[in-house]
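**Student:** Next up, run.txt (compact mmCIF, C-alpha atoms).
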# COMPACT_ATOMS: atom_id res chain seq x y z
CA MET Y 292 76.04 80.97 97.80
CA SER Y 293 77.01 83.00 100.85
CA ILE Y 294 76.99 82.45 104.60
CA ARG Y 295 75.67 85.26 106.76
CA ALA Y 296 76.74 86.08 110.29
CA ASP Y 297 73.45 84.76 111.63
CA ASN Y 298 74.26 81.31 110.19
CA LEU Y 299 71.73 81.72 107.38
CA THR Y 300 72.92 80.47 104.03
CA VAL Y 301 71.79 82.50 101.04
CA VAL Y 302 71.32 80.98 97.61
CA THR Y 303 70.15 82.93 94.60
CA VAL Y 304 67.32 81.37 92.59
CA PRO Y 305 68.37 81.63 88.94
CA ARG Y 306 66.07 83.39 86.50
CA ASP Y 307 67.42 81.21 83.73
CA LEU Y 308 66.27 77.68 84.39
CA SER Y 309 68.36 75.94 81.78
CA GLU Y 310 69.35 72.38 82.56
CA GLN Y 311 72.82 73.47 83.65
CA SER Y 312 71.79 76.38 85.89
CA LEU Y 313 69.05 74.26 87.47
CA ALA Y 314 71.55 71.46 88.14
CA ASP Y 315 74.01 73.97 89.69
CA PHE Y 316 71.27 75.41 91.88
CA GLU Y 317 70.06 72.01 93.04
CA GLN Y 318 73.58 70.92 93.80
CA ALA Y 319 74.20 74.07 95.86
CA VAL Y 320 70.99 73.50 97.84
CA ASN Y 321 71.67 69.79 98.38
CA THR Y 322 75.24 70.41 99.48
CA LEU Y 323 74.37 73.01 102.04
CA LEU Y 324 71.37 71.10 103.38
CA GLN Y 325 73.70 68.21 104.16
CA ARG Y 326 75.59 70.62 106.41
CA LEU Y 327 72.36 71.38 108.32
CA PRO Y 328 72.74 75.17 108.45
CA GLY Y 329 70.76 77.38 110.83
CA GLY Y 330 68.52 78.34 107.96
CA LEU Y 331 68.31 78.71 104.21
CA GLU Y 332 67.43 81.96 102.53
CA LEU Y 333 66.54 81.98 98.85
CA ASP Y 334 67.34 85.24 97.11
CA CYS Y 335 64.50 85.74 94.60
CA SER Y 336 65.65 89.12 93.28
CA GLU Y 337 66.21 87.75 89.77
CA LEU Y 338 62.64 86.50 89.42
CA GLY Y 339 61.08 89.51 87.74
CA LEU Y 340 59.17 87.34 85.29
CA VAL Y 341 57.98 84.24 87.09
CA SER Y 342 57.08 80.96 85.42
CA SER Y 343 55.56 77.81 86.85
CA SER Y 344 59.04 76.25 86.71
CA HIS Y 345 60.30 78.84 89.20
CA VAL Y 346 57.42 78.00 91.52
CA ASN Y 347 58.24 74.29 91.15
CA VAL Y 348 61.84 75.03 92.10
CA LEU Y 349 60.78 76.95 95.22
CA TRP Y 350 58.35 74.20 96.19
CA THR Y 351 60.99 71.50 95.77
CA VAL Y 352 63.42 73.40 98.00
CA ARG Y 353 60.67 73.86 100.55
CA GLU Y 354 60.06 70.09 100.62
CA LYS Y 355 63.77 69.39 101.04
CA CYS Y 356 64.05 71.94 103.85
CA LEU Y 357 61.07 70.42 105.63
CA GLU Y 358 62.65 67.00 105.38
CA ALA Y 359 66.00 68.30 106.67
CA ARG Y 360 64.23 70.47 109.29
CA VAL Y 361 66.04 73.55 108.06
CA PRO Y 362 64.04 76.80 108.20
CA LEU Y 363 63.49 78.36 104.77
CA ARG Y 364 62.90 82.01 104.00
CA LEU Y 365 62.50 83.86 100.71
CA CYS Y 366 64.16 87.24 100.43
CA HIS Y 367 64.15 90.03 97.83
CA VAL Y 368 60.79 88.72 96.69
CA THR Y 369 59.57 90.46 93.55
CA PRO Y 370 55.96 91.67 93.14
CA GLY Y 371 55.51 89.21 90.27
CA LEU Y 372 56.51 86.26 92.45
CA ILE Y 373 54.27 87.39 95.28
CA ARG Y 374 51.32 87.64 92.94
CA ILE Y 375 51.93 84.21 91.43
CA LEU Y 376 52.29 82.62 94.88
CA ARG Y 377 49.10 84.32 95.97
CA ILE Y 378 47.17 83.27 92.87
CA LEU Y 379 48.30 79.68 93.40
CA ASP Y 380 47.37 79.88 97.11
CA LEU Y 381 50.95 79.01 98.00
CA ILE Y 382 52.04 82.20 99.70
CA GLU Y 383 51.14 80.96 103.16
CA PHE Y 384 53.55 78.06 102.75
CA PHE Y 385 56.57 80.34 102.51
CA GLN Y 386 58.16 82.66 105.01
CA LEU Y 387 58.93 85.93 103.27
CA ASP Y 388 61.36 88.64 104.16
CA THR Y 389 58.44 91.07 104.06
CA ASP Y 390 60.35 94.29 104.70
CA LEU Y 391 62.44 93.72 101.63
CA ALA Y 392 59.36 92.67 99.66
CA GLU Y 393 57.62 95.91 100.54
CA ASP Y 394 60.65 98.01 99.64
CA LYS Y 395 61.16 96.34 96.30
CA SER Y 396 57.57 96.08 95.26
CA LEU Y 397 56.62 99.67 94.66
CA PRO Y 398 55.50 99.96 91.08
CA LEU Y 399 55.58 103.73 91.28
CA GLY Y 400 58.44 105.60 89.67
CA GLN Y 401 61.71 106.46 91.34
CA THR Y 402 60.28 109.84 92.21
CA PRO Y 403 56.88 109.47 93.86
CA PRO Y 404 54.18 111.34 91.93
CA ALA Y 405 52.62 114.39 93.53
CA GLU Y 406 49.52 113.83 95.67
CA ASP Y 407 47.17 115.06 92.94
CA ASP Y 408 48.68 112.64 90.44
CA ARG Y 409 47.76 109.74 92.69
CA ARG Y 410 44.04 110.46 92.46
CA PHE Y 411 41.69 109.71 89.62
CA GLU Y 412 38.05 110.77 89.51
CA ILE Y 413 35.44 110.34 86.85
CA ASP Y 414 31.65 110.48 86.64
CA LEU Y 415 30.03 108.63 83.78
CA LYS Y 416 26.68 107.49 82.50
CA PRO Y 417 26.06 103.74 82.31
CA LYS Y 418 26.71 103.64 78.57
CA SER Y 419 29.12 101.39 76.74
CA GLU Y 420 30.99 104.23 75.02
CA GLU Y 421 31.39 106.18 78.27
CA ILE Y 422 32.75 103.08 80.01
CA LEU Y 423 35.30 102.62 77.23
CA ASP Y 424 36.27 106.29 77.36
CA SER Y 425 36.70 106.17 81.14
CA LEU Y 426 38.76 102.97 80.79
CA ASN Y 427 41.12 104.76 78.43
CA ARG Y 428 41.51 107.61 80.93
CA PHE Y 429 42.08 105.18 83.80
CA ARG Y 430 44.67 103.36 81.69
CA GLN Y 431 46.54 106.62 81.17
CA PHE Y 432 46.36 107.34 84.91
CA LEU Y 433 47.99 103.97 85.64
CA LYS Y 434 50.59 104.63 82.97
CA ASP Y 435 51.44 107.98 84.54
CA LEU Y 436 51.76 106.21 87.91
CA LYS Y 437 54.21 103.79 86.27
CA VAL Y 438 52.29 100.76 87.49
CA ASP Y 439 53.86 97.57 86.14
CA PRO Y 440 52.00 96.27 83.07
CA MET Y 441 50.63 93.03 84.55
CA CYS Y 442 49.26 94.81 87.61
CA ALA Y 443 47.92 97.63 85.41
CA LEU Y 444 46.01 95.19 83.18
CA GLU Y 445 44.45 93.55 86.24
CA LEU Y 446 43.35 96.96 87.52
CA GLU Y 447 41.95 97.89 84.11
CA ILE Y 448 39.97 94.65 84.07
CA VAL Y 449 38.67 95.26 87.60
CA PHE Y 450 37.67 98.80 86.58
CA TYR Y 451 35.94 97.64 83.38
CA GLU Y 452 34.20 94.59 84.85
CA THR Y 453 32.81 96.56 87.79
CA LEU Y 454 31.39 99.26 85.52
CA THR Y 455 29.91 96.79 83.03
CA ASN Y 456 28.35 94.84 85.92
CA ILE Y 457 26.72 98.02 87.22
CA ARG Y 458 25.51 98.84 83.71
CA ALA Y 459 24.21 95.36 82.94
CA HIS Y 460 22.76 94.29 86.27
CA GLY Y 461 22.42 97.38 88.46
CA HIS Y 462 19.22 98.75 86.91
CA VAL Y 463 20.82 102.17 86.92
CA ASP Y 464 18.80 104.89 85.26
CA ALA Y 465 20.41 105.89 81.95
CA ALA Y 466 20.61 109.50 83.08
CA ASP Y 467 22.21 108.66 86.43
CA LEU Y 468 25.90 109.04 86.94
CA ILE Y 469 28.25 106.36 88.22
CA LYS Y 470 31.03 107.93 90.28
CA VAL Y 471 34.48 106.39 90.33
CA ARG Y 472 37.15 107.57 92.77
CA VAL Y 473 40.65 106.12 92.79
CA GLU Y 474 43.43 106.79 95.27
CA ALA Y 475 46.90 105.33 95.20
CA ASP Y 476 49.68 105.43 97.76
CA ASP Y 477 52.96 103.62 98.24
CA THR Y 478 51.34 100.41 99.42
CA ALA Y 479 48.01 100.09 97.61
CA ILE Y 480 45.44 101.47 95.22
CA GLU Y 481 41.77 101.75 96.16
CA LEU Y 482 38.93 102.04 93.65
CA THR Y 483 35.54 103.28 94.87
CA PHE Y 484 32.42 102.89 92.72
CA ILE Y 485 29.23 104.71 93.69
CA ASP Y 486 25.97 104.07 91.85
CA GLY Y 487 22.27 104.54 92.44
CA GLY Y 488 21.17 101.14 91.18
CA ARG Y 489 19.49 98.35 93.10
CA ALA Y 490 21.24 97.04 96.20
CA PHE Y 491 23.84 94.44 95.32
CA ASN Y 492 26.64 93.20 97.53
CA PRO Y 493 29.16 91.46 95.26
CA ALA Y 494 30.92 89.90 98.25
CA GLU Y 495 27.78 87.85 98.93
CA ASN Y 496 27.36 86.80 95.33
CA ILE Y 497 30.74 85.45 94.29
CA PRO Y 498 30.13 82.50 91.98
CA LYS Y 499 31.94 79.23 92.52
CA HIS Y 500 34.51 79.00 89.77
CA ASP Y 501 35.57 75.63 88.39
CA ALA Y 502 37.80 75.97 85.33
CA ALA Y 503 37.35 72.37 84.14
CA GLN Y 504 33.59 72.68 84.42
CA ALA Y 505 33.69 76.04 82.61
CA VAL Y 506 35.45 74.43 79.65
CA ARG Y 507 33.18 71.37 79.63
CA SER Y 508 30.01 73.43 79.86
CA ARG Y 509 31.20 75.90 77.19
CA GLN Y 510 30.76 78.77 79.61
CA LYS Y 511 30.74 82.15 77.86
CA HIS Y 512 29.62 84.42 80.70
CA GLY Y 513 29.88 84.80 84.43
CA PHE Y 514 33.64 85.21 84.87
CA GLY Y 515 33.56 88.93 85.71
CA LEU Y 516 33.02 88.80 89.45
CA THR Y 517 35.55 85.98 89.84
CA MET Y 518 38.11 88.12 88.02
CA ILE Y 519 37.34 91.13 90.21
CA VAL Y 520 37.76 89.10 93.40
CA ARG Y 521 40.92 87.33 92.28
CA MET Y 522 42.55 90.47 90.94
CA THR Y 523 42.02 92.51 94.11
CA ASP Y 524 42.90 91.97 97.77
CA ALA Y 525 39.95 93.48 99.62
CA MET Y 526 36.33 94.23 98.86
CA ASP Y 527 34.04 96.37 100.98
CA TYR Y 528 30.41 97.07 100.14
CA GLU Y 529 28.01 99.45 101.81
CA ARG Y 530 24.42 100.40 100.99
CA VAL Y 531 24.01 104.06 101.93
CA ASP Y 532 20.60 105.54 102.81
CA ASP Y 533 19.02 102.66 100.90
CA LYS Y 534 19.75 104.42 97.62
CA LEU Y 535 23.45 104.25 96.90
CA ASN Y 536 25.82 101.32 96.41
CA VAL Y 537 29.36 102.10 97.54
CA LEU Y 538 31.86 99.45 96.53
CA LYS Y 539 35.51 99.75 97.53
CA LEU Y 540 38.12 97.51 95.95
CA LYS Y 541 41.69 97.52 97.18
CA LYS Y 542 44.78 96.08 95.61
CA TYR Y 543 48.13 96.03 97.36
CA TRP Y 544 51.12 96.54 95.13
CA SER Y 545 53.05 93.74 96.77
CA ARG Y 546 50.37 91.21 97.66
CA MET U 510 43.15 101.85 72.37
CA ASN U 511 39.96 101.34 70.40
CA GLU U 512 41.05 98.94 67.66
CA SER U 513 38.71 96.07 68.36
CA VAL U 514 37.95 94.63 64.94
CA VAL U 515 37.98 90.85 64.77
CA SER U 516 39.55 89.70 61.50
CA ARG U 517 40.07 86.25 60.02
CA THR U 518 42.58 84.73 57.60
CA ASP U 519 42.29 81.16 56.32
CA ILE U 520 45.75 79.59 56.04
CA SER U 521 45.00 75.99 55.08
CA PRO U 522 41.95 73.87 54.20
CA ASP U 523 41.29 73.13 57.87
CA THR U 524 43.02 75.98 59.71
CA THR U 525 42.08 79.62 60.12
CA VAL U 526 43.69 82.46 62.04
CA ILE U 527 41.59 85.00 63.95
CA ASP U 528 43.04 88.30 65.14
CA PRO U 529 40.89 89.89 67.85
CA GLY U 530 42.62 93.28 67.50
CA GLN U 531 43.81 95.30 70.48
CA GLN U 532 40.84 94.84 72.76
CA LEU U 533 38.50 91.88 73.24
CA ASP U 534 35.61 93.00 75.42
CA ASN U 535 31.81 93.20 75.59
CA ASN U 536 31.74 95.21 72.39
CA ASN U 537 33.36 92.65 70.11
CA ALA U 538 33.16 89.34 72.03
CA HIS U 539 30.13 88.37 69.94
CA GLU U 540 32.23 88.95 66.80
CA MET U 541 34.77 86.45 68.12
CA VAL U 542 32.03 83.92 68.88
CA ASP U 543 30.57 84.44 65.39
CA ALA U 544 33.96 84.18 63.67
CA ILE U 545 34.82 80.90 65.41
CA GLY U 546 31.32 79.52 64.81
CA ARG U 547 31.39 80.44 61.12
CA ALA U 548 34.85 78.92 60.66
CA GLN U 549 33.69 75.67 62.23
CA ALA U 550 30.53 75.64 60.13
CA GLU U 551 32.70 76.06 57.04
CA GLY U 552 34.74 73.00 57.97
CA TYR U 553 37.74 74.57 59.69
CA ARG U 554 38.70 72.36 62.63
CA TYR U 555 41.62 74.42 63.87
CA VAL U 556 41.29 78.02 64.95
CA ILE U 557 44.48 79.90 65.77
CA ILE U 558 43.85 83.05 67.76
CA ASP U 559 46.72 85.40 67.07
CA MET U 560 46.99 87.73 70.07
CA LYS U 561 49.91 89.74 68.74
CA ASN U 562 47.90 92.98 69.00
CA LEU U 563 45.81 92.14 72.05
CA GLN U 564 46.32 94.49 74.99
CA PHE U 565 43.06 94.09 76.90
CA ILE U 566 40.67 91.19 77.44
CA SER U 567 37.53 91.27 79.56
CA SER U 568 35.57 88.39 81.06
CA SER U 569 33.33 88.27 78.01
CA GLY U 570 36.45 88.18 75.82
CA VAL U 571 37.72 85.15 77.72
CA GLY U 572 34.26 83.59 77.48
CA SER U 573 34.09 84.19 73.73
CA ILE U 574 37.12 81.93 73.30
CA LEU U 575 36.47 79.44 76.08
CA GLY U 576 32.89 78.79 74.99
CA SER U 577 34.09 77.36 71.67
CA VAL U 578 37.05 75.25 72.80
CA GLU U 579 35.08 72.14 73.65
CA ALA U 580 33.02 72.23 70.45
CA LEU U 581 36.14 72.29 68.27
CA ARG U 582 37.83 69.55 70.30
CA GLU U 583 34.75 67.34 70.00
CA ALA U 584 35.03 67.79 66.24
CA GLY U 585 38.66 66.65 66.39
CA GLY U 586 40.14 70.15 66.21
CA ASP U 587 41.26 72.77 68.69
CA ILE U 588 41.71 76.44 69.45
CA VAL U 589 45.35 77.48 69.74
CA LEU U 590 46.34 80.78 71.32
CA CYS U 591 49.57 82.31 70.05
CA ASN U 592 51.65 85.47 70.44
CA ILE U 593 50.06 85.83 73.86
CA SER U 594 51.74 88.35 76.16
CA GLU U 595 52.56 87.49 79.77
CA ASP U 596 49.96 90.05 80.89
CA ILE U 597 47.15 88.44 78.90
CA LYS U 598 48.37 84.96 79.87
CA ASN U 599 48.07 86.06 83.49
CA VAL U 600 44.35 86.74 82.95
CA PHE U 601 43.83 83.10 81.92
CA ARG U 602 46.04 82.01 84.82
CA VAL U 603 43.92 83.97 87.32
CA LEU U 604 40.90 81.99 86.12
CA ASP U 605 42.82 78.68 86.37
CA LEU U 606 42.33 78.26 82.62
CA LEU U 607 45.93 78.07 81.40
CA ASP U 608 46.13 74.28 81.72
CA PHE U 609 43.02 73.92 79.59
CA MET U 610 44.21 76.04 76.69
CA THR U 611 46.59 75.09 73.88
CA ILE U 612 49.24 77.78 73.62
CA ALA U 613 51.91 78.27 70.99
CA ALA U 614 54.67 80.84 70.67
CA ASP U 615 53.61 82.14 67.26
CA VAL U 616 51.47 81.30 64.24
CA ASP U 617 54.08 78.93 62.78
CA GLN U 618 54.30 76.93 65.98
CA ALA U 619 50.51 76.97 66.26
CA ARG U 620 50.30 75.48 62.75
CA GLU U 621 52.72 72.77 63.81
CA ARG U 622 50.61 72.02 66.87
CA CYS U 623 47.55 71.68 64.65
CA ALA U 624 49.46 69.48 62.18
CA GLY U 625 50.57 67.27 65.07
CA LYS U 626 46.98 66.63 66.08
CA ARG U 627 45.89 65.44 62.64
Can the structure in the file be given as structure tokens, please?
**Tutor:**
Amino acid sequence: MSIRADNLTVVTVPRDLSEQSLADFEQAVNTLLQRLPGGLELDCSELGLVSSSHVNVLWTVREKCLEARVPLRLCHVTPGLIRILRILDLIEFFQLDTDLAEDKSLPLGQTPPAEDDRRFEIDLKPKSEEILDSLNRFRQFLKDLKVDPMCALELEIVFYETLTNIRAHGHVDAADLIKVRVEADDTAIELTFIDGGRAFNPAENIPKHDAAQAVRSRQKHGFGLTMIVRMTDAMDYERVDDKLNVLKLKKYWSR
Amino acid sequence: MNESVVSRTDISPDTTVIDPGQQLDNNNAHEMVDAIGRAQAEGYRYVIIDMKNLQFISSSGVGSILGSVEALREAGGDIVLCNISEDIKNVFRVLDLLDFMTIAADVDQARERCAGKR
């Protein structure tokens, strides 16, 4: 625990949530909240791998701060924590030290790759084996970019699901090519899919997903679009000249 | 990464282990559905899915497992996922499915979970 000049008290959230470290952390938080500091800042730099217990800890502190009317802010927020908070729809309930989050979230290597290495382009026919081959190439591209594994798997799934959707539902002629263009920078990666199939705006066709119902009804299909939406941050669709579908999917490294 | 052969090993009179290989996608999801269905038809109530090699799972891969969970539970059994990496676990989390799945650290713990349900 440390006190900053601006009267903010900083406490580090422990990665190890053993009974003892959790008790120490809770005691530190309770003690300082009794002193009614100008604000509490939780240092989340140790939370590389985030579990639901970590989220519970953050939520509990938030409740205590609300009760004590002490402003709470999370600092040194890791990409993993941001993603988990976003998935759980909790991110809006926390004030983040966003500058630090941006700085620490870059999944790219210490030395930024050259411009050319941040682009990936492939044209493929709507065939299963070509989709698999292009997935392997895309996977290597992400590996070369040093994207963290969890984020990389989400991007691979988005890539694969979009292509298999076009193949299965787009009525694309077997001889036609699907074009995929990918560009990455320090803040985000954008995937663009261009196909000549029937008009289809995924943003207007997102199924309502209910996990409990999916289990009860023994659902085997229909998760693809939900996964695409939940694993990306922005979707933009355009029908060009009434003959081409252009779908852009964006994923921020830190969101 | 093209190792996507679904294999099965029976480890007790009512428990079988299925290994989906490295990739569970549209190309082998039906094999997973068939393997689970066959095991249940042969009287196996517990299916342990050993994900030690799994590096990629698509929506149809998730569906191939999810679609059989309820049937096995109705028969008094279960599907237990084990050796699941954080990356693959995240896929189930994104779909809000983690709370509905039985997860064990490894095959031994999965066997214990199954034994505890008998």
**Student:** Given the point (41.0, 77.8, 62.0) in the coordinates of this file, which residues lie within 8 Å, counting only C-alpha atoms, and how would they look as an MDAnalysis selection string?
**Tutor:** chainID U and resid 519:520 523:527 545 548:549 553:557 588
**Student:** Now that the selection is made, can you save its residues with C-alpha atoms as a PDB file, in the coordinates of the input?
**Tutor:**
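So the final result, stored in again-v7.pdb, reads:
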ATOM      1  CA  ASP U 519      42.290  81.160  56.320  1.00  0.00           C
ATOM      2  CA  ILE U 520      45.750  79.590  56.040  1.00  0.00           C
ATOM      3  CA  ASP U 523      41.290  73.130  57.870  1.00  0.00           C
ATOM      4  CA  THR U 524      43.020  75.980  59.710  1.00  0.00           C
ATOM      5  CA  THR U 525      42.080  79.620  60.120  1.00  0.00           C
ATOM      6  CA  VAL U 526      43.690  82.460  62.040  1.00  0.00           C
ATOM      7  CA  ILE U 527      41.590  85.000  63.950  1.00  0.00           C
ATOM      8  CA  ILE U 545      34.820  80.900  65.410  1.00  0.00           C
ATOM      9  CA  ALA U 548      34.850  78.920  60.660  1.00  0.00           C
ATOM     10  CA  GLN U 549      33.690  75.670  62.230  1.00  0.00           C
ATOM     11  CA  TYR U 553      37.740  74.570  59.690  1.00  0.00           C
ATOM     12  CA  ARG U 554      38.700  72.360  62.630  1.00  0.00           C
ATOM     13  CA  TYR U 555      41.620  74.420  63.870  1.00  0.00           C
ATOM     14  CA  VAL U 556      41.290  78.020  64.950  1.00  0.00           C
ATOM     15  CA  ILE U 557      44.480  79.900  65.770  1.00  0.00           C
ATOM     16  CA  ILE U 588      41.710  76.440  69.450  1.00  0.00           C
TER      17      ILE U 588
END
**Student:** What's the 10 Å shell around Val352 of chain Y, counting only C-alpha atoms, without same-chain residues fewer than 2 positions away, as a PyMOL selection string?
**Tutor:** chain Y and resi 317+320-321+324+331+333+346-350+354-358+363
**Student:** One decimal, Å: what's the distance from atom CA of Phe450 of chain Y over to atom CA of Ala525 of chain Y, could you say?
**Tutor:** 14.3 Å
**Student:** Report as a list in words all protein, DNA and RNA residues lying within 6 Å of segment 534-541 of chain Y, evaluated on all atoms listed in the file, omitting residues in the same chain fewer than 5 positions from it.
**Tutor:**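 Those residues are Ile480, Glu481, Leu482, Thr483, Phe484, Ile485, Asp486, Gly487, Thr523, Asp524, Ala525, Met526, Asp527, Tyr528 and Glu529 of chain Y.
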**Student:** Between atom CA of Val571 of chain U and atom CA of Lys437 of chain Y, what distance in Å does the model show, to one decimal?
**Tutor:** 26.3 Å
**Student:** To one decimal place in Å, what is the distance between atom CA of Pro370 of chain Y and atom CA of Thr351 of chain Y?
**Tutor:**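 If I compute the distance from atom CA of Pro370 of chain Y to atom CA of Thr351 of chain Y, I get 21.0 Å.
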**Student:** Once you count only C-alpha atoms, what closest atom pair and distance in Å to one decimal does each residue of chain U within 10 Å of chain Y have, with rows by chain and rising residue number, as a tab-separated table?
**Tutor:**
residue	atom	partner	partner_atom	distance
U:Met510	CA	Y:Asn427	CA	7.0
U:Asn511	CA	Y:Leu423	CA	8.4
U:Asp534	CA	Y:Tyr451	CA	9.2
U:Asn535	CA	Y:Thr455	CA	8.5
U:Asn536	CA	Y:Ser419	CA	8.0
U:Ala538	CA	Y:Lys511	CA	9.6
U:Val542	CA	Y:Lys511	CA	9.2
U:Gln564	CA	Y:Leu444	CA	8.2
U:Phe565	CA	Y:Leu444	CA	7.0
U:Ile566	CA	Y:Ile448	CA	7.5
U:Ser567	CA	Y:Ile448	CA	6.1
U:Ser568	CA	Y:Gly515	CA	5.1
U:Ser569	CA	Y:His512	CA	6.0
U:Gly570	CA	Y:Lys511	CA	8.6
U:Val571	CA	Y:Lys511	CA	7.6
U:Gly572	CA	Y:Lys511	CA	3.8
U:Ser573	CA	Y:Lys511	CA	5.7
U:Ile574	CA	Y:Lys511	CA	7.8
U:Leu575	CA	Y:Val506	CA	6.2
U:Gly576	CA	Y:Arg509	CA	4.0
U:Ser577	CA	Y:Arg509	CA	6.4
U:Val578	CA	Y:Val506	CA	7.1
U:Glu579	CA	Y:Arg507	CA	6.3
U:Ala580	CA	Y:Arg509	CA	7.9
U:Ser594	CA	Y:Met441	CA	9.7
U:Glu595	CA	Y:Met441	CA	7.6
U:Asp596	CA	Y:Met441	CA	4.8
U:Ile597	CA	Y:Met441	CA	8.1
U:Lys598	CA	Y:Met441	CA	9.6
U:Asn599	CA	Y:Met441	CA	7.5
U:Val600	CA	Y:Glu445	CA	7.6
U:Phe601	CA	Y:Met518	CA	9.8
U:Arg602	CA	Y:Ile378	CA	8.2
U:Val603	CA	Y:Ile378	CA	6.5
U:Leu604	CA	Y:Ala502	CA	6.8
U:Asp605	CA	Y:Ala502	CA	5.8
U:Leu606	CA	Y:Ala502	CA	5.8
U:Leu607	CA	Y:Ala502	CA	9.3
U:Asp608	CA	Y:Ala502	CA	9.2
U:Phe609	CA	Y:Ala503	CA	7.4
U:Met610	CA	Y:Val506	CA	9.4
**Student:** Report as a list of chain:residue names all protein, DNA and RNA residues lying within 7 Å of Val589 of chain U, evaluated on all atoms listed in the file, omitting residues in the same chain fewer than 5 positions from it.
**Tutor:**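 Listing them by chain and then by number gives U:Val556, U:Ile557, U:Ile558, U:Thr611, U:Ile612, U:Ala613, U:Ala619.
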**Student:** Hey, which of Y:Arg353, Y:Leu327, Y:His367, Y:Arg458 ends up closest to Leu381 of chain Y? Count all atoms listed in the file.
**Tutor:**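 For Leu381 of chain Y, the nearest of the given residues is Y:Arg353.
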**Student:** Tell me which of U:Asn537, U:Ser521, U:Ser516, U:Asn562 sits closest to Cys591 of chain U, counting only C-alpha atoms.
**Tutor:**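 Residue with the minimum atom-to-atom distance to Cys591 of chain U: U:Asn562.
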**Student:** Could you give me the axis-aligned bounding box of segment 439-450 of chain Y, with 6 Å of padding per side, as centre plus edge lengths in Å to one decimal, as AutoDock Vina command-line options?
**Tutor:**
--center_x 45.8 --center_y 95.9 --center_z 85.3 --size_x 28.2 --size_y 17.8 --size_z 16.5
